[in-house]
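Data block below; observations after.
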Amino acid sequence: MQVPRIESKLRVFSFKMQFLTQISDLRRSLNVVNCATEEIRSSEKLKRIMQTILSLGNALNQGTARGAAIGFRLDSLLKLTDTRARNNKMTLMHYLCKVQIVT
């Protein structure tokens with residue numbers, strides 16, 4: 001039997017069969033992202049850590065144009081492990097962890 005445009009019709013049929021499953025999976029994934037976002041937004045501990053990082057950055061940059069910042073870019077968090085003390089044994093990340101354990 002000859003069916004016109006059989007390939008296109010089969011693709012559409014396959015799509016219709018998988019559509020509800022894909023929507024359900026997507027909803028679950030979006031719910032996970034929404035829950036994670038809400039956890040981040042409401043986390044007091046994360047807020048304190050970010051405030052401490054901003055204070056440390058302002059203290060290190062005191063006397064420069066960057067010394068009184070009201071915020072920082074997230075990619076600057078990568079520098080926490082690169083910034084070392086004079087003895088080269090402790091990074092800013094180590095110091096941040098020590099400060100956060102005490103408070």
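Going by the structure tokens order, chains are called A, B, ..., each with residues numbered from 1, while ligands are numbered from 1 in the order shown.
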
All helix (DSSP H, G or I) positions in chain A, as a compact mmCIF listing (two decimals) with all heavy atoms, in the first residue's frame:
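Full text of states.txt as output:
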```txt
# COMPACT_ATOMS: atom_id res chain seq x y z
N ILE A 6 4.61 9.36 4.15
CA ILE A 6 4.63 8.43 5.28
C ILE A 6 5.68 8.80 6.32
O ILE A 6 5.42 8.71 7.53
CB ILE A 6 4.82 6.96 4.79
CG1 ILE A 6 4.72 5.97 5.97
CG2 ILE A 6 6.18 6.79 4.16
CD1 ILE A 6 3.33 5.73 6.38
N GLU A 7 6.84 9.23 5.88
CA GLU A 7 7.91 9.57 6.83
C GLU A 7 7.50 10.74 7.72
O GLU A 7 7.66 10.69 8.94
CB GLU A 7 9.20 9.90 6.08
CG GLU A 7 10.38 10.08 7.00
CD GLU A 7 11.67 10.38 6.23
OE1 GLU A 7 11.79 9.93 5.08
OE2 GLU A 7 12.53 11.05 6.82
N SER A 8 6.95 11.78 7.15
CA SER A 8 6.50 12.94 7.91
C SER A 8 5.38 12.56 8.88
O SER A 8 5.37 12.99 10.04
CB SER A 8 5.99 14.05 6.98
OG SER A 8 7.01 14.49 6.13
N LYS A 9 4.47 11.76 8.42
CA LYS A 9 3.35 11.35 9.26
C LYS A 9 3.83 10.50 10.45
O LYS A 9 3.35 10.65 11.57
CB LYS A 9 2.32 10.58 8.43
CG LYS A 9 1.57 11.47 7.47
CD LYS A 9 0.59 10.69 6.63
CE LYS A 9 -0.15 11.61 5.68
NZ LYS A 9 -1.10 10.90 4.84
N LEU A 10 4.82 9.64 10.21
CA LEU A 10 5.36 8.82 11.28
C LEU A 10 6.11 9.67 12.31
O LEU A 10 6.03 9.42 13.52
CB LEU A 10 6.27 7.73 10.72
CG LEU A 10 5.56 6.58 10.02
CD1 LEU A 10 6.57 5.64 9.37
CD2 LEU A 10 4.65 5.83 10.98
N ARG A 11 6.84 10.68 11.82
CA ARG A 11 7.53 11.57 12.75
C ARG A 11 6.55 12.33 13.63
O ARG A 11 6.75 12.46 14.84
CB ARG A 11 8.42 12.56 11.98
CG ARG A 11 9.83 12.04 11.86
CD ARG A 11 10.79 13.11 11.38
NE ARG A 11 10.91 12.91 9.93
CZ ARG A 11 10.78 13.85 9.01
NH1 ARG A 11 10.59 15.08 9.35
NH2 ARG A 11 10.89 13.56 7.75
N VAL A 12 5.48 12.83 13.04
CA VAL A 12 4.45 13.54 13.81
C VAL A 12 3.80 12.59 14.81
O VAL A 12 3.58 12.95 15.98
CB VAL A 12 3.40 14.18 12.87
CG1 VAL A 12 2.19 14.67 13.65
CG2 VAL A 12 4.02 15.30 12.06
N PHE A 13 3.50 11.40 14.39
CA PHE A 13 2.88 10.41 15.28
C PHE A 13 3.81 10.09 16.45
O PHE A 13 3.38 10.04 17.61
CB PHE A 13 2.55 9.14 14.48
CG PHE A 13 1.90 8.08 15.30
CD1 PHE A 13 0.60 8.23 15.76
CD2 PHE A 13 2.59 6.92 15.62
CE1 PHE A 13 0.01 7.24 16.53
CE2 PHE A 13 2.00 5.94 16.39
CZ PHE A 13 0.70 6.09 16.84
N SER A 14 5.09 9.92 16.18
CA SER A 14 6.07 9.64 17.23
C SER A 14 6.16 10.82 18.20
O SER A 14 6.22 10.63 19.42
CB SER A 14 7.43 9.37 16.60
OG SER A 14 8.42 9.24 17.58
N PHE A 15 6.17 12.02 17.65
CA PHE A 15 6.22 13.21 18.49
C PHE A 15 5.00 13.27 19.42
O PHE A 15 5.13 13.54 20.62
CB PHE A 15 6.29 14.47 17.63
CG PHE A 15 6.27 15.74 18.41
CD1 PHE A 15 7.43 16.19 19.04
CD2 PHE A 15 5.10 16.48 18.53
CE1 PHE A 15 7.41 17.37 19.78
CE2 PHE A 15 5.08 17.65 19.27
CZ PHE A 15 6.24 18.10 19.88
N LYS A 16 3.84 13.01 18.89
CA LYS A 16 2.61 13.04 19.70
C LYS A 16 2.66 11.99 20.80
O LYS A 16 2.20 12.24 21.92
CB LYS A 16 1.39 12.82 18.80
CG LYS A 16 1.04 14.03 17.96
CD LYS A 16 -0.08 13.74 17.00
CE LYS A 16 -1.40 13.68 17.70
NZ LYS A 16 -2.54 13.56 16.76
N MET A 17 3.25 10.84 20.51
CA MET A 17 3.33 9.77 21.50
C MET A 17 4.27 10.15 22.65
O MET A 17 4.03 9.79 23.79
CB MET A 17 3.83 8.48 20.84
CG MET A 17 2.92 7.92 19.79
SD MET A 17 1.51 7.08 20.47
CE MET A 17 2.27 5.61 21.09
N GLN A 18 5.34 10.88 22.35
CA GLN A 18 6.35 11.22 23.36
C GLN A 18 6.09 12.55 24.04
O GLN A 18 6.71 12.85 25.06
CB GLN A 18 7.73 11.27 22.70
CG GLN A 18 8.18 9.95 22.15
CD GLN A 18 9.46 10.08 21.35
OE1 GLN A 18 10.07 11.15 21.30
NE2 GLN A 18 9.88 9.00 20.73
N PHE A 19 5.18 13.34 23.52
CA PHE A 19 4.99 14.72 23.98
C PHE A 19 4.66 14.80 25.47
O PHE A 19 5.30 15.54 26.22
CB PHE A 19 3.91 15.41 23.15
CG PHE A 19 3.72 16.84 23.49
CD1 PHE A 19 4.65 17.78 23.10
CD2 PHE A 19 2.62 17.25 24.21
CE1 PHE A 19 4.49 19.12 23.41
CE2 PHE A 19 2.44 18.58 24.53
CZ PHE A 19 3.38 19.52 24.13
N LEU A 20 3.67 14.06 25.93
CA LEU A 20 3.25 14.15 27.33
C LEU A 20 4.36 13.72 28.29
O LEU A 20 4.55 14.33 29.35
CB LEU A 20 1.98 13.33 27.57
CG LEU A 20 0.72 13.89 26.91
CD1 LEU A 20 -0.46 12.97 27.17
CD2 LEU A 20 0.42 15.29 27.41
N THR A 21 5.12 12.71 27.92
CA THR A 21 6.23 12.27 28.74
C THR A 21 7.30 13.35 28.83
O THR A 21 7.85 13.62 29.90
CB THR A 21 6.84 10.97 28.17
OG1 THR A 21 5.81 10.02 27.99
CG2 THR A 21 7.91 10.42 29.07
N GLN A 22 7.60 13.96 27.69
CA GLN A 22 8.60 15.01 27.67
C GLN A 22 8.15 16.22 28.50
O GLN A 22 8.95 16.81 29.23
CB GLN A 22 8.90 15.44 26.24
CG GLN A 22 9.67 14.39 25.46
CD GLN A 22 9.88 14.78 24.01
OE1 GLN A 22 9.25 15.69 23.49
NE2 GLN A 22 10.80 14.09 23.36
N ILE A 23 6.88 16.57 28.42
CA ILE A 23 6.35 17.69 29.21
C ILE A 23 6.45 17.36 30.69
O ILE A 23 6.84 18.21 31.51
CB ILE A 23 4.89 18.00 28.81
CG1 ILE A 23 4.82 18.57 27.41
CG2 ILE A 23 4.23 18.93 29.81
CD1 ILE A 23 5.50 19.92 27.27
N SER A 24 6.12 16.16 31.06
CA SER A 24 6.19 15.74 32.46
C SER A 24 7.63 15.81 32.97
O SER A 24 7.89 16.31 34.08
CB SER A 24 5.64 14.32 32.59
OG SER A 24 5.75 13.87 33.91
N ASP A 25 8.58 15.32 32.19
CA ASP A 25 9.99 15.38 32.57
C ASP A 25 10.46 16.82 32.70
O ASP A 25 11.19 17.17 33.64
CB ASP A 25 10.87 14.64 31.55
CG ASP A 25 10.65 13.14 31.56
OD1 ASP A 25 10.05 12.63 32.53
OD2 ASP A 25 11.08 12.48 30.58
N LEU A 26 10.04 17.65 31.78
CA LEU A 26 10.43 19.06 31.82
C LEU A 26 9.86 19.76 33.05
O LEU A 26 10.54 20.54 33.71
CB LEU A 26 9.96 19.76 30.54
CG LEU A 26 10.37 21.21 30.36
CD1 LEU A 26 11.89 21.34 30.36
CD2 LEU A 26 9.79 21.76 29.07
N ARG A 27 8.61 19.44 33.39
CA ARG A 27 8.00 20.02 34.60
C ARG A 27 8.78 19.63 35.86
O ARG A 27 9.01 20.46 36.74
CB ARG A 27 6.55 19.57 34.73
CG ARG A 27 5.61 20.42 33.96
CD ARG A 27 4.18 20.27 34.48
NE ARG A 27 3.33 21.15 33.72
CZ ARG A 27 2.39 20.74 32.87
NH1 ARG A 27 2.17 19.45 32.72
NH2 ARG A 27 1.67 21.61 32.21
N ARG A 28 9.15 18.37 35.94
CA ARG A 28 9.93 17.91 37.09
C ARG A 28 11.26 18.65 37.18
O ARG A 28 11.67 19.11 38.25
CB ARG A 28 10.17 16.41 37.04
CG ARG A 28 9.05 15.63 37.72
CD ARG A 28 9.37 14.15 37.82
NE ARG A 28 8.49 13.50 36.85
CZ ARG A 28 8.87 12.71 35.87
NH1 ARG A 28 10.12 12.39 35.73
NH2 ARG A 28 8.01 12.20 35.04
N SER A 29 11.92 18.80 36.05
CA SER A 29 13.21 19.51 36.02
C SER A 29 13.03 20.97 36.43
O SER A 29 13.84 21.52 37.19
CB SER A 29 13.83 19.43 34.63
OG SER A 29 14.14 18.10 34.30
N LEU A 30 12.00 21.61 35.94
CA LEU A 30 11.73 23.01 36.30
C LEU A 30 11.40 23.15 37.77
O LEU A 30 11.81 24.12 38.42
CB LEU A 30 10.61 23.59 35.44
CG LEU A 30 10.98 23.90 34.00
CD1 LEU A 30 9.75 24.33 33.21
CD2 LEU A 30 12.05 24.97 33.94
N ASN A 31 10.69 22.19 38.33
CA ASN A 31 10.39 22.23 39.77
C ASN A 31 11.66 22.12 40.59
O ASN A 31 11.80 22.80 41.61
CB ASN A 31 9.41 21.11 40.14
CG ASN A 31 8.00 21.43 39.75
OD1 ASN A 31 7.63 22.60 39.59
ND2 ASN A 31 7.18 20.41 39.58
N VAL A 32 12.59 21.27 40.16
CA VAL A 32 13.87 21.15 40.86
C VAL A 32 14.61 22.48 40.82
O VAL A 32 15.14 22.95 41.84
CB VAL A 32 14.73 20.01 40.26
CG1 VAL A 32 16.16 20.06 40.77
CG2 VAL A 32 14.10 18.66 40.55
N VAL A 33 14.66 23.11 39.64
CA VAL A 33 15.35 24.40 39.50
C VAL A 33 14.66 25.46 40.36
O VAL A 33 15.33 26.24 41.05
CB VAL A 33 15.40 24.84 38.02
CG1 VAL A 33 15.87 26.27 37.88
CG2 VAL A 33 16.29 23.90 37.22
N ASN A 34 13.34 25.49 40.36
CA ASN A 34 12.60 26.46 41.17
C ASN A 34 12.85 26.26 42.66
O ASN A 34 13.05 27.23 43.40
CB ASN A 34 11.11 26.40 40.87
CG ASN A 34 10.75 27.05 39.56
OD1 ASN A 34 11.47 27.92 39.07
ND2 ASN A 34 9.65 26.63 38.98
N CYS A 35 12.87 25.01 43.11
CA CYS A 35 13.13 24.74 44.53
C CYS A 35 14.55 25.15 44.90
O CYS A 35 14.77 25.75 45.96
CB CYS A 35 12.91 23.25 44.82
SG CYS A 35 11.18 22.75 44.81
N ALA A 36 15.51 24.83 44.04
CA ALA A 36 16.90 25.21 44.32
C ALA A 36 17.05 26.72 44.37
O ALA A 36 17.73 27.26 45.24
CB ALA A 36 17.83 24.61 43.25
N THR A 37 16.39 27.41 43.45
CA THR A 37 16.44 28.87 43.42
C THR A 37 15.87 29.46 44.70
O THR A 37 16.43 30.38 45.28
CB THR A 37 15.67 29.41 42.20
OG1 THR A 37 16.23 28.84 41.02
CG2 THR A 37 15.72 30.91 42.13
N GLU A 38 14.77 28.92 45.16
CA GLU A 38 14.15 29.42 46.38
C GLU A 38 15.03 29.15 47.60
O GLU A 38 15.14 29.98 48.49
CB GLU A 38 12.77 28.79 46.57
CG GLU A 38 11.96 29.40 47.68
CD GLU A 38 11.83 30.92 47.57
OE1 GLU A 38 11.65 31.43 46.46
OE2 GLU A 38 11.92 31.60 48.62
N GLU A 39 15.69 27.99 47.63
CA GLU A 39 16.62 27.69 48.72
C GLU A 39 17.75 28.70 48.75
O GLU A 39 18.14 29.18 49.82
CB GLU A 39 17.20 26.28 48.56
CG GLU A 39 16.26 25.17 48.91
CD GLU A 39 15.99 25.08 50.40
OE1 GLU A 39 16.92 25.31 51.20
OE2 GLU A 39 14.85 24.77 50.77
N ILE A 40 18.28 29.02 47.59
CA ILE A 40 19.38 30.00 47.51
C ILE A 40 18.90 31.37 47.95
O ILE A 40 19.57 32.06 48.72
CB ILE A 40 19.96 30.04 46.08
CG1 ILE A 40 20.72 28.75 45.79
CG2 ILE A 40 20.85 31.26 45.87
CD1 ILE A 40 21.12 28.57 44.34
N ARG A 41 17.74 31.78 47.47
CA ARG A 41 17.22 33.11 47.81
C ARG A 41 16.93 33.27 49.30
O ARG A 41 17.09 34.34 49.86
CB ARG A 41 15.94 33.39 47.02
CG ARG A 41 16.17 33.67 45.56
CD ARG A 41 14.86 33.78 44.82
NE ARG A 41 13.90 34.59 45.53
CZ ARG A 41 13.43 35.74 45.11
NH1 ARG A 41 13.83 36.22 43.97
NH2 ARG A 41 12.55 36.41 45.83
N SER A 42 16.53 32.21 49.95
CA SER A 42 16.12 32.32 51.36
C SER A 42 17.22 31.89 52.34
O SER A 42 17.00 31.93 53.54
CB SER A 42 14.86 31.48 51.60
OG SER A 42 15.12 30.12 51.37
N GLU A 44 20.00 32.22 54.73
CA GLU A 44 20.67 33.24 55.54
C GLU A 44 22.17 32.98 55.62
O GLU A 44 22.98 33.91 55.63
CB GLU A 44 20.07 33.29 56.95
CG GLU A 44 18.68 33.90 57.00
CD GLU A 44 18.65 35.34 56.49
OE1 GLU A 44 19.55 36.12 56.83
OE2 GLU A 44 17.71 35.67 55.74
N LYS A 45 22.55 31.71 55.67
CA LYS A 45 23.97 31.37 55.76
C LYS A 45 24.71 31.81 54.49
O LYS A 45 25.80 32.37 54.56
CB LYS A 45 24.14 29.87 55.98
CG LYS A 45 25.54 29.48 56.34
CD LYS A 45 25.60 28.06 56.86
CE LYS A 45 26.96 27.82 57.46
NZ LYS A 45 27.01 26.66 58.29
N LEU A 46 24.10 31.56 53.32
CA LEU A 46 24.72 32.00 52.08
C LEU A 46 24.83 33.52 52.04
O LEU A 46 25.85 34.06 51.60
CB LEU A 46 23.93 31.50 50.87
CG LEU A 46 24.49 31.87 49.50
CD1 LEU A 46 25.88 31.30 49.30
CD2 LEU A 46 23.55 31.42 48.40
N LYS A 47 23.81 34.19 52.55
CA LYS A 47 23.85 35.66 52.59
C LYS A 47 25.00 36.15 53.46
O LYS A 47 25.73 37.07 53.09
CB LYS A 47 22.52 36.19 53.13
CG LYS A 47 22.36 37.69 52.98
CD LYS A 47 21.04 38.18 53.57
CE LYS A 47 19.88 37.69 52.76
NZ LYS A 47 18.60 38.27 53.18
N ARG A 48 25.20 35.50 54.61
CA ARG A 48 26.32 35.88 55.49
C ARG A 48 27.67 35.63 54.83
O ARG A 48 28.60 36.43 54.94
CB ARG A 48 26.23 35.13 56.82
CG ARG A 48 25.22 35.69 57.78
CD ARG A 48 25.42 35.16 59.20
NE ARG A 48 25.72 33.75 59.29
CZ ARG A 48 24.83 32.78 59.45
NH1 ARG A 48 23.56 33.06 59.53
NH2 ARG A 48 25.22 31.52 59.54
N ILE A 49 27.78 34.50 54.13
CA ILE A 49 29.03 34.18 53.44
C ILE A 49 29.33 35.23 52.37
O ILE A 49 30.45 35.71 52.26
CB ILE A 49 28.99 32.76 52.83
CG1 ILE A 49 29.01 31.71 53.94
CG2 ILE A 49 30.13 32.53 51.85
CD1 ILE A 49 28.74 30.31 53.47
N MET A 50 28.32 35.58 51.60
CA MET A 50 28.52 36.59 50.55
C MET A 50 28.88 37.95 51.15
O MET A 50 29.73 38.67 50.61
CB MET A 50 27.27 36.71 49.67
CG MET A 50 26.98 35.48 48.86
SD MET A 50 28.30 35.14 47.71
CE MET A 50 27.57 33.90 46.71
N GLN A 51 28.26 38.29 52.27
CA GLN A 51 28.60 39.55 52.94
C GLN A 51 30.05 39.53 53.43
O GLN A 51 30.77 40.52 53.33
CB GLN A 51 27.65 39.81 54.11
CG GLN A 51 26.26 40.19 53.69
CD GLN A 51 25.27 40.21 54.85
OE1 GLN A 51 25.50 39.61 55.89
NE2 GLN A 51 24.15 40.89 54.64
N THR A 52 30.48 38.39 53.95
CA THR A 52 31.85 38.26 54.42
C THR A 52 32.83 38.38 53.25
O THR A 52 33.86 39.05 53.36
CB THR A 52 32.05 36.91 55.14
OG1 THR A 52 31.11 36.80 56.21
CG2 THR A 52 33.46 36.78 55.69
N ILE A 53 32.50 37.76 52.12
CA ILE A 53 33.36 37.85 50.94
C ILE A 53 33.46 39.30 50.48
O ILE A 53 34.55 39.79 50.15
CB ILE A 53 32.84 36.94 49.81
CG1 ILE A 53 33.00 35.47 50.21
CG2 ILE A 53 33.54 37.23 48.49
CD1 ILE A 53 32.30 34.50 49.29
N LEU A 54 32.34 40.01 50.47
CA LEU A 54 32.36 41.41 50.07
C LEU A 54 33.21 42.23 51.03
O LEU A 54 34.03 43.06 50.61
CB LEU A 54 30.94 41.97 50.01
CG LEU A 54 30.82 43.44 49.63
CD1 LEU A 54 31.35 43.68 48.23
CD2 LEU A 54 29.36 43.89 49.74
N SER A 55 33.08 41.97 52.32
CA SER A 55 33.89 42.70 53.32
C SER A 55 35.38 42.41 53.15
O SER A 55 36.21 43.32 53.24
CB SER A 55 33.46 42.32 54.74
OG SER A 55 32.13 42.70 54.96
N LEU A 56 35.71 41.14 52.91
CA LEU A 56 37.11 40.78 52.69
C LEU A 56 37.66 41.48 51.44
O LEU A 56 38.78 42.01 51.46
CB LEU A 56 37.26 39.27 52.52
CG LEU A 56 37.13 38.42 53.78
CD1 LEU A 56 37.07 36.95 53.42
CD2 LEU A 56 38.29 38.69 54.72
N GLY A 57 36.90 41.47 50.38
CA GLY A 57 37.33 42.14 49.15
C GLY A 57 37.52 43.63 49.36
O GLY A 57 38.51 44.21 48.89
N ASN A 58 36.60 44.25 50.08
CA ASN A 58 36.73 45.68 50.35
C ASN A 58 37.94 45.98 51.23
O ASN A 58 38.64 46.97 51.04
CB ASN A 58 35.46 46.23 50.98
CG ASN A 58 34.36 46.43 49.96
OD1 ASN A 58 34.61 46.57 48.77
ND2 ASN A 58 33.12 46.46 50.41
N ALA A 59 38.21 45.09 52.20
CA ALA A 59 39.38 45.29 53.06
C ALA A 59 40.68 45.14 52.27
O ALA A 59 41.61 45.93 52.44
CB ALA A 59 39.36 44.29 54.22
N LEU A 60 40.73 44.14 51.38
CA LEU A 60 41.93 43.94 50.57
C LEU A 60 42.15 45.08 49.56
O LEU A 60 43.27 45.40 49.22
CB LEU A 60 41.85 42.61 49.82
CG LEU A 60 41.96 41.36 50.67
CD1 LEU A 60 41.68 40.12 49.83
CD2 LEU A 60 43.34 41.27 51.31
N LEU A 74 29.99 37.19 40.26
CA LEU A 74 30.13 35.81 40.71
C LEU A 74 31.42 35.17 40.22
O LEU A 74 31.98 34.32 40.91
CB LEU A 74 28.92 34.97 40.26
CG LEU A 74 27.61 35.29 40.97
CD1 LEU A 74 26.49 34.42 40.43
CD2 LEU A 74 27.74 35.11 42.47
N ASP A 75 31.92 35.57 39.06
CA ASP A 75 33.16 34.96 38.58
C ASP A 75 34.35 35.33 39.45
O ASP A 75 35.38 34.66 39.43
CB ASP A 75 33.43 35.28 37.11
CG ASP A 75 33.67 36.76 36.85
OD1 ASP A 75 33.38 37.59 37.73
OD2 ASP A 75 34.13 37.08 35.74
N SER A 76 34.22 36.38 40.25
CA SER A 76 35.32 36.73 41.16
C SER A 76 35.42 35.75 42.33
O SER A 76 36.44 35.73 43.02
CB SER A 76 35.18 38.17 41.65
OG SER A 76 33.99 38.33 42.38
N LEU A 77 34.42 34.92 42.54
CA LEU A 77 34.50 33.89 43.58
C LEU A 77 35.62 32.90 43.26
O LEU A 77 36.19 32.29 44.16
CB LEU A 77 33.18 33.15 43.72
CG LEU A 77 32.00 33.96 44.25
CD1 LEU A 77 30.72 33.13 44.22
CD2 LEU A 77 32.28 34.46 45.65
N LEU A 78 35.93 32.74 41.98
CA LEU A 78 37.00 31.83 41.58
C LEU A 78 38.35 32.30 42.10
O LEU A 78 39.27 31.49 42.26
CB LEU A 78 37.03 31.71 40.05
CG LEU A 78 35.78 31.15 39.40
CD1 LEU A 78 35.85 31.27 37.88
CD2 LEU A 78 35.56 29.71 39.82
N LYS A 79 38.48 33.58 42.38
CA LYS A 79 39.75 34.12 42.86
C LYS A 79 40.00 33.82 44.34
O LYS A 79 41.10 34.03 44.83
CB LYS A 79 39.79 35.63 42.63
CG LYS A 79 39.76 36.00 41.17
CD LYS A 79 39.73 37.49 40.99
CE LYS A 79 39.59 37.82 39.52
NZ LYS A 79 39.40 39.25 39.29
N LEU A 80 38.99 33.31 45.04
CA LEU A 80 39.16 33.00 46.46
C LEU A 80 40.25 31.96 46.69
O LEU A 80 40.93 31.98 47.72
CB LEU A 80 37.84 32.51 47.08
CG LEU A 80 36.72 33.54 47.19
CD1 LEU A 80 35.45 32.88 47.69
CD2 LEU A 80 37.13 34.68 48.10
N THR A 81 40.41 31.05 45.75
CA THR A 81 41.44 30.03 45.90
C THR A 81 42.78 30.48 45.33
O THR A 81 43.81 29.86 45.61
CB THR A 81 41.02 28.71 45.22
OG1 THR A 81 40.75 28.97 43.84
CG2 THR A 81 39.79 28.11 45.88
N LEU A 92 42.54 32.72 50.46
CA LEU A 92 41.40 33.49 50.95
C LEU A 92 40.22 32.56 51.25
O LEU A 92 39.45 32.80 52.18
CB LEU A 92 41.00 34.56 49.93
CG LEU A 92 40.13 35.71 50.40
CD1 LEU A 92 40.71 36.37 51.64
CD2 LEU A 92 39.95 36.72 49.29
N MET A 93 40.12 31.48 50.51
CA MET A 93 39.06 30.50 50.76
C MET A 93 39.26 29.83 52.13
O MET A 93 38.31 29.65 52.89
CB MET A 93 39.04 29.43 49.66
CG MET A 93 37.99 28.36 49.87
SD MET A 93 36.31 28.99 49.77
CE MET A 93 36.08 28.94 48.02
N HIS A 94 40.52 29.48 52.47
CA HIS A 94 40.81 28.91 53.79
C HIS A 94 40.40 29.89 54.89
O HIS A 94 39.77 29.51 55.88
CB HIS A 94 42.30 28.58 53.93
CG HIS A 94 42.76 27.46 53.08
ND1 HIS A 94 43.71 27.63 52.11
CD2 HIS A 94 42.40 26.15 53.04
CE1 HIS A 94 43.92 26.47 51.51
NE2 HIS A 94 43.14 25.56 52.06
N TYR A 95 40.77 31.14 54.71
CA TYR A 95 40.45 32.16 55.70
C TYR A 95 38.94 32.32 55.83
O TYR A 95 38.41 32.40 56.95
CB TYR A 95 41.10 33.49 55.33
CG TYR A 95 40.81 34.58 56.32
CD1 TYR A 95 41.47 34.62 57.55
CD2 TYR A 95 39.86 35.56 56.05
CE1 TYR A 95 41.19 35.61 58.47
CE2 TYR A 95 39.58 36.55 56.97
CZ TYR A 95 40.24 36.57 58.17
OH TYR A 95 39.95 37.54 59.09
N LEU A 96 38.25 32.35 54.71
CA LEU A 96 36.79 32.48 54.73
C LEU A 96 36.16 31.31 55.50
O LEU A 96 35.25 31.51 56.31
CB LEU A 96 36.25 32.53 53.31
CG LEU A 96 34.74 32.59 53.15
CD1 LEU A 96 34.20 33.88 53.73
CD2 LEU A 96 34.36 32.46 51.69
N CYS A 97 36.66 30.11 55.27
CA CYS A 97 36.13 28.94 55.98
C CYS A 97 36.37 29.06 57.49
O CYS A 97 35.47 28.75 58.28
CB CYS A 97 36.76 27.65 55.45
SG CYS A 97 36.23 27.25 53.78
N LYS A 98 37.55 29.52 57.88
CA LYS A 98 37.84 29.69 59.31
C LYS A 98 36.93 30.74 59.93
O LYS A 98 36.41 30.55 61.03
CB LYS A 98 39.29 30.10 59.51
CG LYS A 98 40.27 28.98 59.44
CD LYS A 98 41.66 29.45 59.81
CE LYS A 98 42.61 28.28 59.85
NZ LYS A 98 43.94 28.66 60.31
N VAL A 99 36.73 31.83 59.23
CA VAL A 99 35.87 32.90 59.75
C VAL A 99 34.43 32.43 59.86
O VAL A 99 33.76 32.70 60.85
CB VAL A 99 35.95 34.16 58.83
CG1 VAL A 99 34.89 35.17 59.18
CG2 VAL A 99 37.33 34.78 58.92
N GLN A 100 33.95 31.67 58.89
CA GLN A 100 32.56 31.22 58.91
C GLN A 100 32.32 30.14 59.97
O GLN A 100 31.24 30.05 60.50
CB GLN A 100 32.15 30.67 57.52
CG GLN A 100 31.96 31.76 56.50
CD GLN A 100 30.95 32.82 56.93
OE1 GLN A 100 29.85 32.50 57.33
NE2 GLN A 100 31.35 34.06 56.85
N ILE A 101 33.34 29.35 60.28
CA ILE A 101 33.19 28.34 61.33
C ILE A 101 33.04 29.02 62.69
O ILE A 101 32.26 28.60 63.52
CB ILE A 101 34.39 27.36 61.32
CG1 ILE A 101 34.32 26.49 60.07
CG2 ILE A 101 34.44 26.51 62.57
CD1 ILE A 101 35.54 25.63 59.83
N VAL A 102 33.78 30.10 62.89
CA VAL A 102 33.74 30.81 64.17
C VAL A 102 32.41 31.50 64.37
O VAL A 102 31.86 31.50 65.46
CB VAL A 102 34.91 31.84 64.24
CG1 VAL A 102 34.79 32.73 65.45
CG2 VAL A 102 36.24 31.10 64.23
```
